[in-house]
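Peer 1: Before I ask anything, let me first share the structure, which is written out below as structure tokens.
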Number of protein chains: 2
Amino acid sequence: MQTSKKIAIVGSGLVGTLLGIYLKRRGHTVHIFDRSPDIRKINFSGRSINLVLSQRGIKALQDVGLEDEILGIGIPVEKRAIHTGVDTVTNQFYGKDGEVIYSISRGLLNKKMVDLAEKAGVEFFFESKIWDVTLSDATLHMGEEERGEWTELKYDLVFGADGAFSRIRHRMQRQSMFNYSQEFLNIGYKELNIPANPDGSHKLDKGSLHIWPRGNYMLMALANLDGSFTCTLFMPHDGENSFESLQTKEQLVDFFAEHFPDTKEVIPNLVEDFFKNPTSYLVTMKCFPWTYSDKVALIGDACHAIVPFYGHGMNAGFEDITVLEQMMEKYGDDWANLLNDYENSRKPNADAIAELSYRNFMEMSAKTADKKFLLQKKIEKWFSEKHPDKWIPLYSRVTFSHQPYSEALAEGDKQNKIMEEILSMESIEEIWDTEVIEHRILDLLK
Amino acid sequence: MQTSKKIAIVGSGLVGTLLGIYLKRRGHTVHIFDRSPDIRKINFSGRSINLVLSQRGIKALQDVGLEDEILGIGIPVEKRAIHTGVDTVTNQFYGKDGEVIYSISRGLLNKKMVDLAEKAGVEFFFESKIWDVTLSDATLHMGEEERGEWTELKYDLVFGADGAFSRIRHRMQRQSMFNYSQEFLNIGYKELNIPANPDGSHKLDKGSLHIWPRGNYMLMALANLDGSFTCTLFMPHDGENSFESLQTKEQLVDFFAEHFPDTKEVIPNLVEDFFKNPTSYLVTMKCFPWTYSDKVALIGDACHAIVPFYGHGMNAGFEDITVLEQMMEKYGDDWANLLNDYENSRKPNADAIAELSYRNFMEMSAKTADKKFLLQKKIEKWFSEKHPDKWIPLYSRVTFSHQPYSEALAEGDKQNKIMEEILSMESIEEIWDTEVIEHRILDLLK
């Protein structure tokens with residue numbers, strides 16, 4: 001057991017609440033601050049792609065006994081359903097039999113997490129705006145207005161779990177030797193909706209993540225518990241086929257009729273949703289260091305915000321907590337070394353999942369419509385079933401294993417080189433599942 | 001002539017003052033704000049590597065008739081003097097006969113620039129702290145304290161020339177689609193001093209930039225008008241041979257005796273200076289966009305802070321002004337398009353000089369002690385004298401020409417590939433200045 005500390009967490013999102021549960025379990029006093037009202041008392045407005053919960057996230061829940069409770073509000077998704085044309089759907093399974101990811105509503109999950117944290121003894125302070133932190137003594141500065149009066153709240157330790165636009169990081173950023181980058185993608189996104197059938201059933205297969213890949217833009221849909229789907233349209237902010245190019249009702253309807261004809265039946269409120277819902281931005285944010293002495297630490301999006309295309313934002317944040325828990329076990333009360341080891345062991349993996357997520361936009365929006373790419377996936381699956389000890393596909397490493405992201409990325413790059421060579425072989429379309437190919441891959445793996 | 005505007009410049013540094021002169025010349029009202037006192041009235045404390053003024057900077061001065069005045073306080077430097085061992089000095093000329101750069105004191109130059117700007121009609125407001133800007137209407141927020149009372153100052157247009165830690169950029173950074181990065185080098189620097197001889201003469205050749213290259217650290221010296229040299233020690237913050245490793249007087253004296261034995265005579269106040277002067281940080285800062293509508297624009301270090309190893313920080317900032325001047329000529333009162341063209345044409349060049357500057361640390365600290373590298377420079381010089389139309393060395397492109405930095409970088413990379421091939425030829429040390437080599441280079445250039 002560690003010596004009990006008074007710990008503040010800024011941010012009552014998914015990472016903040018789960019971290020609260022872990023810290024409480026170790027005997028600390030935990031206060032969670034959030035500038036927003038209690039999410040359980042408001043009508044949570046979407047503006048968020050549905051979450052995907054996978055193995056890394058599940059493990060962090062499992063270790064505090066919350067797995068069943070959370071999976072109960074998730075929908076198992078076993079494959080991509082790739083809508084290449086009207087009525088043409090190609091299925092691409094994520095893993096082996098039984099390997100699934102879970103579609104889960106951010107709002108629902110966050111409400112549940114706040115409930116669970118409260119039950120565990122975490123104290124919440126909603127509508128409490130933290131504007132600044134004094135790093136040297138873990139003092140929070142709270143007030144109604146940024147330029148108004150502030151009160152000071154002194155803690156032993158402060159965690160910044162306050163997301164991509166973290167105020168805690170904002171203060172750290174003003175130190176020498178603090179590296180920082182924020183890079184916006186020219187791709188934005190907008191939420192649309194596929195309502196449930198009158199009988200409450202889903203209009204599309206709920207066990208699939210649906211993609212309509214169209215090159216530099218795409219539509220995506222993930223099932224909700226109530227029979228609906230949350231749809232997300234990803235496209236460039238400007239240029240051809242962009243949000244900017246869809247200004248009028250006519251432009252929008254024509255665009256969908258031309259590029260997504262099979263969605264006409266299932267997205268009845270296209271025009272209303274499109275012009276009502278905001279267009280959101282996608283940013284990759286990196287920084288280092290993540291901690292200040294034994295006083296302040298960043299976690300989750302606050303230190304590694306990534307684009308959503310691998311579905312790993314929450315999973316990476318939850319894995320931060322798993323690593324922090326290992327460090328608490330290892331270092332006990334030596335918080336300075338504990339936090340130092342946490343940031344150093346976690347940083348390369350945060351960078352790797354950022355890179356993987358960035359690359360996955362091209363994979364989802366363009367490559368999934370490409371025959372060569374689908375063949376590659378088929379060969380990989382076939383070979384890995386024959387030699388499960390020799391070939392774990394990159395997606396499986398990232399999503400169904402606990403291998404550090406950085407190793408998964410490195411292995412994936414090696415595999416890609418091998419597959420490039422295989423795909424360049426003559427008549428590969430005909431001979432892909434023959435002994436010749438099997439032996440060639442085995443050779444290349446040596 | 002443009003329609004007269006009320007323009008504020010935040011920052012009375014080198015770029016801010018020269019920009020003021022340019023804007024004044026076009027008939028605008030120009031107010032320059034600075035949080036510091038009038039540099040002419042204080043004892044300017046160094047903490048700055050001596051400046052190097054070269055062709056790009058000179059051109060910007062020339063165009064407003066200030067060239068002679070400024071060169072009058074500079075010292076021509078024609079070569080690197082590379083101190084590889086005791087009494088072993090290798091000279092490496094920067095360019096062709098008569099091509100020189102100018103060593104110039106930042107303090108002296110800045111004082112002169114404020115004088116000249118004032119004479120031109122620019123109004124200065126010193127000890128005036130600008131904390132924030134409202135982008136949409138070019139309003140500055142000024143006050144004694146960041147959290148105290150502020151007053152508003154409304155302008156038609158605001159320039160942020162407030163350096164690497166710009167408050168103007170800080171506000172822009174909080175917008176969506178604003179890309180930003182700050183990356184600190186693990187190399188820090190500290191100023192030391194070589195005083196003048198009793199008769200006022202220089203202890204070392206004043207026409208040389210002196211380097212003591214030692215791998216991952218180095219000492220550098222540039223002459224001042226008063227007979228002294230400003231020395232700068234660059235070394236890692238921590239690890240072997242680092243600032244951290246030099247904690248005591250004994251460690252320092254032993255270190256200099258071992259690695260810079262020939263400086264013992266010329267740096268008499270080593271111990272005092274070393275422990276009195278601060279260790280400073282080196283950062284590369286990039287961002288985009290640089291402007292907001294026709295209301296706010298960044299210039300100089302505020303939008304592209306670079307490490308000092310190419311001696312181009314001021315020159316790049318002055319060239320921003322040259323480009324801005326071209327845009328004012330071209331666009332007249334259309335400030336929105338003027339600023340848009342300015343940022344787009346300038347950004348790739350700012351990125352290129354950042355890259356070149358970063359690379360030059362390795363060139364100066366390690367490669368200048370490397371025989372192969374010195375041979376490469378010799379071959380390049382020899383070949384470019386034979387074929388001045390076919391080969392301009394990278395350093396000359398960057399320093400003695402006005403070719404955009406991005407083109408210079410691309411050409412330099414091509415040349416490096418060719419030289420790699422040349423240097424790998426058998427007995428190159430013996431045959432480097434023969435027809436065989438000349439024709440091989442000509443072939444490779446095709």
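Identifiers for the structure tokens are assigned positionally: chains receive A, B, ... in sequence, residues are indexed from 1 per chain, and ligands are indexed from 1 in the order shown.
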Write out as a PyMOL selection string which residues come within 10 Å of Ser401 of chain A when counting only C-alpha atoms, dropping same-chain ones fewer than 5 positions away.

Peer 2: chain A and resi 54-56+392+395-396+408

Peer 1: Could you list, as number ranges by chain, the residues of chain B having an atom within 10 Å of chain A when counting only C-alpha atoms?

Peer 2: B: 146-149, 165, 173-174, 176-186, 280-288

Peer 1: What's around segment 312-315 of chain A at 8 Å? Count only C-alpha atoms, leave out sequence neighbours fewer than 2 positions away in its own chain, and write the answer as a ChimeraX atom specification.

Peer 2: /A:14-15,51-58,300-301,305-310,317-319,353,357

Peer 1: Please save N, CA, C and O atoms of the selected residues as an mmCIF file, in the first residue's frame.

Peer 2:
data_model
loop_
_atom_site.group_PDB
_atom_site.id
_atom_site.type_symbol
_atom_site.label_atom_id
_atom_site.label_comp_id
_atom_site.auth_asym_id
_atom_site.auth_seq_id
_atom_site.Cartn_x
_atom_site.Cartn_y
_atom_site.Cartn_z
ATOM 1 N N LEU A 14 -13.400 9.741 -19.509
ATOM 2 C CA LEU A 14 -13.243 8.304 -19.307
ATOM 3 C C LEU A 14 -11.957 7.984 -18.573
ATOM 4 O O LEU A 14 -11.934 7.161 -17.662
ATOM 5 N N VAL A 15 -10.869 8.639 -18.952
ATOM 6 C CA VAL A 15 -9.575 8.361 -18.329
ATOM 7 C C VAL A 15 -9.543 8.895 -16.898
ATOM 8 O O VAL A 15 -9.096 8.215 -15.976
ATOM 9 N N LEU A 51 -17.347 5.278 -29.606
ATOM 10 C CA LEU A 51 -16.083 4.722 -29.140
ATOM 11 C C LEU A 51 -15.952 3.266 -29.534
ATOM 12 O O LEU A 51 -16.941 2.561 -29.695
ATOM 13 N N VAL A 52 -14.712 2.841 -29.638
ATOM 14 C CA VAL A 52 -14.435 1.429 -29.808
ATOM 15 C C VAL A 52 -13.593 0.990 -28.613
ATOM 16 O O VAL A 52 -12.549 1.558 -28.337
ATOM 17 N N LEU A 53 -14.115 -0.002 -27.897
ATOM 18 C CA LEU A 53 -13.384 -0.548 -26.755
ATOM 19 C C LEU A 53 -12.748 -1.856 -27.188
ATOM 20 O O LEU A 53 -13.425 -2.730 -27.718
ATOM 21 N N SER A 54 -11.438 -1.985 -26.992
ATOM 22 C CA SER A 54 -10.804 -3.253 -27.360
ATOM 23 C C SER A 54 -9.888 -3.726 -26.232
ATOM 24 O O SER A 54 -9.955 -3.216 -25.110
ATOM 25 N N GLN A 55 -9.053 -4.699 -26.520
ATOM 26 C CA GLN A 55 -8.388 -5.471 -25.476
ATOM 27 C C GLN A 55 -7.640 -4.631 -24.441
ATOM 28 O O GLN A 55 -7.717 -4.904 -23.250
ATOM 29 N N ARG A 56 -6.937 -3.603 -24.892
ATOM 30 C CA ARG A 56 -6.152 -2.811 -23.925
ATOM 31 C C ARG A 56 -7.054 -2.087 -22.937
ATOM 32 O O ARG A 56 -6.771 -2.011 -21.744
ATOM 33 N N GLY A 57 -8.158 -1.558 -23.469
ATOM 34 C CA GLY A 57 -9.114 -0.880 -22.604
ATOM 35 C C GLY A 57 -9.804 -1.867 -21.678
ATOM 36 O O GLY A 57 -9.997 -1.598 -20.485
ATOM 37 N N ILE A 58 -10.164 -3.029 -22.239
ATOM 38 C CA ILE A 58 -10.859 -4.050 -21.437
ATOM 39 C C ILE A 58 -9.991 -4.511 -20.272
ATOM 40 O O ILE A 58 -10.463 -4.676 -19.150
ATOM 41 N N GLY A 300 -3.689 10.271 -20.724
ATOM 42 C CA GLY A 300 -4.713 10.234 -21.786
ATOM 43 C C GLY A 300 -4.495 11.310 -22.840
ATOM 44 O O GLY A 300 -3.353 11.700 -23.122
ATOM 45 N N ASP A 301 -5.599 11.797 -23.408
ATOM 46 C CA ASP A 301 -5.527 12.801 -24.471
ATOM 47 C C ASP A 301 -4.725 14.038 -24.080
ATOM 48 O O ASP A 301 -4.192 14.737 -24.949
ATOM 49 N N ALA A 305 -3.056 13.218 -27.732
ATOM 50 C CA ALA A 305 -4.316 13.191 -28.488
ATOM 51 C C ALA A 305 -4.052 12.671 -29.900
ATOM 52 O O ALA A 305 -3.105 13.097 -30.552
ATOM 53 N N ILE A 306 -4.871 11.739 -30.341
ATOM 54 C CA ILE A 306 -4.643 11.119 -31.649
ATOM 55 C C ILE A 306 -5.910 11.204 -32.501
ATOM 56 O O ILE A 306 -6.993 11.459 -31.982
ATOM 57 N N VAL A 307 -5.758 10.985 -33.793
ATOM 58 C CA VAL A 307 -6.929 10.947 -34.667
ATOM 59 C C VAL A 307 -7.628 9.598 -34.476
ATOM 60 O O VAL A 307 -7.008 8.628 -34.033
ATOM 61 N N PRO A 308 -8.941 9.522 -34.783
ATOM 62 C CA PRO A 308 -9.731 8.379 -34.294
ATOM 63 C C PRO A 308 -9.712 7.125 -35.171
ATOM 64 O O PRO A 308 -10.446 6.198 -34.899
ATOM 65 N N PHE A 309 -8.849 7.085 -36.190
ATOM 66 C CA PHE A 309 -9.033 6.061 -37.226
ATOM 67 C C PHE A 309 -8.603 4.656 -36.843
ATOM 68 O O PHE A 309 -8.840 3.717 -37.585
ATOM 69 N N TYR A 310 -7.949 4.495 -35.710
ATOM 70 C CA TYR A 310 -7.660 3.131 -35.258
ATOM 71 C C TYR A 310 -8.591 2.751 -34.104
ATOM 72 O O TYR A 310 -8.543 1.641 -33.595
ATOM 73 N N GLY A 317 -5.504 5.587 -23.580
ATOM 74 C CA GLY A 317 -5.614 6.291 -22.305
ATOM 75 C C GLY A 317 -5.788 5.315 -21.148
ATOM 76 O O GLY A 317 -5.169 5.469 -20.088
ATOM 77 N N PHE A 318 -6.625 4.310 -21.345
ATOM 78 C CA PHE A 318 -6.819 3.291 -20.302
ATOM 79 C C PHE A 318 -5.515 2.518 -20.065
ATOM 80 O O PHE A 318 -5.188 2.155 -18.938
ATOM 81 N N GLU A 319 -4.769 2.273 -21.141
ATOM 82 C CA GLU A 319 -3.499 1.547 -20.964
ATOM 83 C C GLU A 319 -2.478 2.397 -20.190
ATOM 84 O O GLU A 319 -1.644 1.852 -19.474
ATOM 85 N N ILE A 353 1.079 4.794 -31.485
ATOM 86 C CA ILE A 353 -0.355 4.708 -31.793
ATOM 87 C C ILE A 353 -0.813 5.970 -32.524
ATOM 88 O O ILE A 353 -1.734 5.910 -33.356
ATOM 89 N N SER A 357 -2.621 5.530 -36.065
ATOM 90 C CA SER A 357 -3.950 6.122 -36.235
ATOM 91 C C SER A 357 -3.988 7.034 -37.450
ATOM 92 O O SER A 357 -4.952 7.048 -38.215
#

Peer 1: So how far away is atom CA of Val64 of chain A from atom CA of Phe124 of chain A, in Å?

Peer 2: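 The value is 19.5 Å.
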
Peer 1: Determine which residues of segment 251-312 of chain B receive a DSSP assignment of strand (DSSP E), computed from the backbone, and state them as a PyMOL selection string.

Peer 2: chain B and resi 283-288+291-292+296-298+305

Peer 1: I want to know what sits within 10 Å of Lys203 of chain A, based on only C-alpha atoms, with residues of the same chain fewer than 6 positions away left out; could you give that as a PyMOL selection string?

Peer 2: chain A and resi 194-197+223+227-229+265-266

Peer 1: Can you tell me, as an MDAnalysis selection string, which residues in segment 98-297 of chain B count as helix (DSSP H, G or I) by DSSP?

Peer 2: chainID B and resid 106:119 135:137 167:172 249:259 261:263 270:276

Peer 1: Compile the contact shell of segment 120-123 of chain B as an MDAnalysis selection string: residues with an atom at most 8 Å away, counting only C-alpha atoms, same-chain residues fewer than 4 positions apart removed.

Peer 2: chainID B and resid 20:21 24:25 29:32 116

Peer 1: Could you pull the residues within 12 Å of Thr3 of chain B, counting only C-alpha atoms, minus those fewer than 4 positions along the same chain, as a list of chain:residue names?

Peer 2: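 Here the answer would be B:Ile7, B:Leu23, B:Lys24, B:Arg26, B:Gly27, B:His28, B:Thr29, B:Asp156, B:Met328, B:Tyr331, B:Gly332, B:Asp333, B:Asp334, B:Trp335.
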
Peer 1: Contacts of segment 358-364 of chain B at 10 Å or less, counting only C-alpha atoms, minus same-chain residues fewer than 3 places along, as a PyMOL selection string?

Peer 2: chain B and resi 80+82+185+187+211-220+234+283-284+306-311+352-355+367-370+373

Peer 1: Now that the selection is made, can you save its residues with C-alpha atoms as an mmCIF file, in the first residue's frame?

Peer 2:
data_model
loop_
_atom_site.group_PDB
_atom_site.id
_atom_site.type_symbol
_atom_site.label_atom_id
_atom_site.label_comp_id
_atom_site.auth_asym_id
_atom_site.auth_seq_id
_atom_site.Cartn_x
_atom_site.Cartn_y
_atom_site.Cartn_z
ATOM 1 C CA ARG B 80 36.067 29.588 -40.212
ATOM 2 C CA ILE B 82 38.971 25.538 -36.943
ATOM 3 C CA LEU B 185 17.576 20.734 -28.483
ATOM 4 C CA ILE B 187 22.266 21.283 -26.486
ATOM 5 C CA ILE B 211 35.494 27.017 -33.723
ATOM 6 C CA TRP B 212 36.855 24.392 -31.389
ATOM 7 C CA PRO B 213 34.883 21.373 -32.655
ATOM 8 C CA ARG B 214 34.795 18.421 -30.257
ATOM 9 C CA GLY B 215 32.069 16.102 -31.481
ATOM 10 C CA ASN B 216 28.874 16.691 -29.548
ATOM 11 C CA TYR B 217 30.089 19.950 -28.045
ATOM 12 C CA MET B 218 32.062 22.937 -29.270
ATOM 13 C CA LEU B 219 33.355 26.356 -28.409
ATOM 14 C CA MET B 220 32.882 29.287 -30.775
ATOM 15 C CA PHE B 234 27.609 24.737 -26.820
ATOM 16 C CA VAL B 283 14.461 25.777 -29.482
ATOM 17 C CA THR B 284 13.085 25.279 -32.968
ATOM 18 C CA ILE B 306 15.495 28.475 -35.284
ATOM 19 C CA VAL B 307 18.700 27.272 -33.669
ATOM 20 C CA PRO B 308 21.662 29.606 -34.269
ATOM 21 C CA PHE B 309 24.097 27.297 -36.074
ATOM 22 C CA TYR B 310 23.728 28.780 -39.542
ATOM 23 C CA GLY B 311 23.755 32.370 -38.265
ATOM 24 C CA ALA B 352 14.094 25.020 -44.869
ATOM 25 C CA ILE B 353 16.312 27.371 -42.868
ATOM 26 C CA ALA B 354 15.126 25.634 -39.680
ATOM 27 C CA GLU B 355 16.301 22.324 -41.125
ATOM 28 C CA LYS B 367 32.310 17.431 -39.211
ATOM 29 C CA THR B 368 34.679 20.407 -39.232
ATOM 30 C CA ALA B 369 37.097 18.143 -37.347
ATOM 31 C CA ASP B 370 36.686 15.420 -39.952
ATOM 32 C CA PHE B 373 34.454 16.659 -44.690
#

Peer 1: Go through A:Glu329, A:Asp199, A:Glu152, A:Asp389 one by one, measure the shortest atom-to-atom distance of each to Thr139 of chain A using only C-alpha atoms, and give the residue with the smallest value.

Peer 2: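 Using only C-alpha atoms, the shortest distance to Thr139 of chain A belongs to A:Glu152.
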
Peer 1: In Å to one decimal, how far is atom CA of Thr291 of chain B from atom CA of Ala410 of chain B?

Peer 2: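 Value for the atom CA of Ala410 of chain B-atom CA of Thr291 of chain B distance: 26.6 Å.
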
Peer 1: I'd like to know which of B:Gln62, B:Ser208, B:Thr322, B:Thr134 is closest to Val89 of chain B, using only C-alpha atoms.

Peer 2: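 Ranked by minimum distance to Val89 of chain B, first place goes to B:Ser208.
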
Peer 1: Tell me, in Å to one decimal, how far atom CA of Tyr102 of chain B is from atom CA of Ser12 of chain B.

Peer 2: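 Atom CA of Tyr102 of chain B sits 21.8 Å away from atom CA of Ser12 of chain B.
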
Peer 1: Rank nothing, just name the residue among A:Phe383, A:Tyr292, A:Phe243, A:Trp150 nearest to Leu338 of chain A, using only C-alpha atoms.

Peer 2: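 That would be A:Tyr292, the residue with the smallest distance to Leu338 of chain A.
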